[in-house]
Amino acid sequence: MQEQRQFKSHAGKRLKATSAAGATGCLLMDLDGEFFFRVYRGATKFIDYWLLHNDFRIEIADDEQALFYVDEDETRWLDYSPEVLGLEEISDKPPTS
């Protein structure tokens, strides 16, 4: 386990802090549209963290079925794979006869 350090918040509360370097987990959204980071500890235990840091690096694992999309209006997003979403693949190539 990483070394835990203690600090005093601006509001005077005692804080315990552990480095998040190398942590793996899932970026999730709650029912209100707020994002949080879930770190799993074994098969059934997890800890959720609210995201207050606003410019950290995210790396998408190779085993994730995620793709970047852009539509005709140049709107861009990251979502599940087309297979998971049930999207029909189309081609720009003219049909061959």
# chains A, B, ... in the order shown; residues from 1 in each chain; ligands from 1
call {"tool": "residues_around", "arguments": {"residues": "Leu52 in chain A", "least_positions_apart": "5", "cutoff": "12 Å", "atoms": "only C-alpha atoms", "output": "MDAnalysis selection string"}}
result
chainID A and resid 34:37
call {"tool": "residues_around", "arguments": {"residues": "range 83-85 of chain A", "least_positions_apart": "4", "cutoff": "10 Å", "atoms": "only C-alpha atoms", "output": "mmCIF file with C-alpha atoms, in the first residue's frame"}}
result
data_model
loop_
_atom_site.group_PDB
_atom_site.id
_atom_site.type_symbol
_atom_site.label_atom_id
_atom_site.label_comp_id
_atom_site.auth_asym_id
_atom_site.auth_seq_id
_atom_site.Cartn_x
_atom_site.Cartn_y
_atom_site.Cartn_z
ATOM 1 C CA GLN A 65 -14.522 -1.480 -26.312
ATOM 2 C CA ALA A 66 -14.478 2.272 -26.793
ATOM 3 C CA ASP A 79 -18.686 5.858 -26.508
ATOM 4 C CA GLU A 89 -21.855 -0.226 -40.561
#
call {"tool": "atom_distance", "arguments": {"atom1": "CA of Thr18 in chain A", "atom2": "CA of Ala61 in chain A"}}
result
23.1 Å
call {"tool": "select_by_dssp", "arguments": {"residues": "chain A", "states": "helix (DSSP H, G or I)", "output": "list in words"}}
result
Pro82, Glu83, Val84 and Leu85 of chain A
call {"tool": "atom_distance", "arguments": {"atom1": "CA of Asp55 in chain A", "atom2": "CA of Ala11 in chain A"}}
result
23.7 Å
call {"tool": "select_by_dssp", "arguments": {"residues": "range 13-82 of chain A", "states": "strand (DSSP E)", "output": "JSON, numbers by chain"}}
result
{"A": [14, 15, 16, 17, 18, 26, 27, 28, 29, 35, 36, 37, 38, 39, 40, 41, 45, 46, 47, 48, 49, 50, 66, 67, 68, 69, 70, 76, 77, 78, 79, 80]}
call {"tool": "write_last_selection", "arguments": {"atoms": "C-alpha atoms", "output": "PDB file, in the first residue's frame"}}
result
ATOM      1  CA  ARG A  14      -8.022  16.493   8.718  1.00  0.00           C
ATOM      2  CA  LEU A  15      -7.269  14.906   5.320  1.00  0.00           C
ATOM      3  CA  LYS A  16      -5.581  11.582   4.588  1.00  0.00           C
ATOM      4  CA  ALA A  17      -3.881  11.497   1.176  1.00  0.00           C
ATOM      5  CA  THR A  18      -2.395   8.633  -0.817  1.00  0.00           C
ATOM      6  CA  CYS A  26     -13.588   3.132 -14.114  1.00  0.00           C
ATOM      7  CA  LEU A  27     -14.770   6.602 -14.985  1.00  0.00           C
ATOM      8  CA  LEU A  28     -18.515   6.523 -14.244  1.00  0.00           C
ATOM      9  CA  MET A  29     -21.436   8.945 -14.347  1.00  0.00           C
ATOM     10  CA  PHE A  35     -18.559  11.923 -13.117  1.00  0.00           C
ATOM     11  CA  PHE A  36     -16.691   9.909 -10.505  1.00  0.00           C
ATOM     12  CA  PHE A  37     -13.793   7.456 -10.464  1.00  0.00           C
ATOM     13  CA  ARG A  38     -14.393   3.942  -9.106  1.00  0.00           C
ATOM     14  CA  VAL A  39     -11.416   1.912  -7.878  1.00  0.00           C
ATOM     15  CA  TYR A  40     -12.084  -1.784  -7.376  1.00  0.00           C
ATOM     16  CA  ARG A  41     -10.589  -3.710  -4.464  1.00  0.00           C
ATOM     17  CA  LYS A  45     -15.439  -4.134  -3.116  1.00  0.00           C
ATOM     18  CA  PHE A  46     -14.833  -0.664  -4.489  1.00  0.00           C
ATOM     19  CA  ILE A  47     -14.211   2.931  -3.463  1.00  0.00           C
ATOM     20  CA  ASP A  48     -15.728   5.894  -5.354  1.00  0.00           C
ATOM     21  CA  TYR A  49     -13.930   9.228  -5.671  1.00  0.00           C
ATOM     22  CA  TRP A  50     -15.485  12.483  -6.894  1.00  0.00           C
ATOM     23  CA  ALA A  66     -14.478   2.272 -26.793  1.00  0.00           C
ATOM     24  CA  LEU A  67     -14.267   4.376 -29.935  1.00  0.00           C
ATOM     25  CA  PHE A  68     -14.107   8.064 -30.787  1.00  0.00           C
ATOM     26  CA  TYR A  69     -17.010   9.212 -32.958  1.00  0.00           C
ATOM     27  CA  VAL A  70     -17.641  12.363 -35.018  1.00  0.00           C
ATOM     28  CA  ARG A  76     -17.312  14.539 -31.159  1.00  0.00           C
ATOM     29  CA  TRP A  77     -17.689  11.967 -28.364  1.00  0.00           C
ATOM     30  CA  LEU A  78     -16.296   8.790 -26.851  1.00  0.00           C
ATOM     31  CA  ASP A  79     -18.686   5.858 -26.508  1.00  0.00           C
ATOM     32  CA  TYR A  80     -19.025   2.091 -26.517  1.00  0.00           C
TER      33      TYR A  80
END
call {"tool": "atom_distance", "arguments": {"atom1": "CA of Thr24 in chain A", "atom2": "CA of Arg57 in chain A"}}
result
12.2 Å
call {"tool": "closest_residue", "arguments": {"among": "A:Glu3, A:Asp30, A:Gly25, A:Pro82", "to": "Glu59 in chain A", "atoms": "only C-alpha atoms"}}
result
A:Gly25
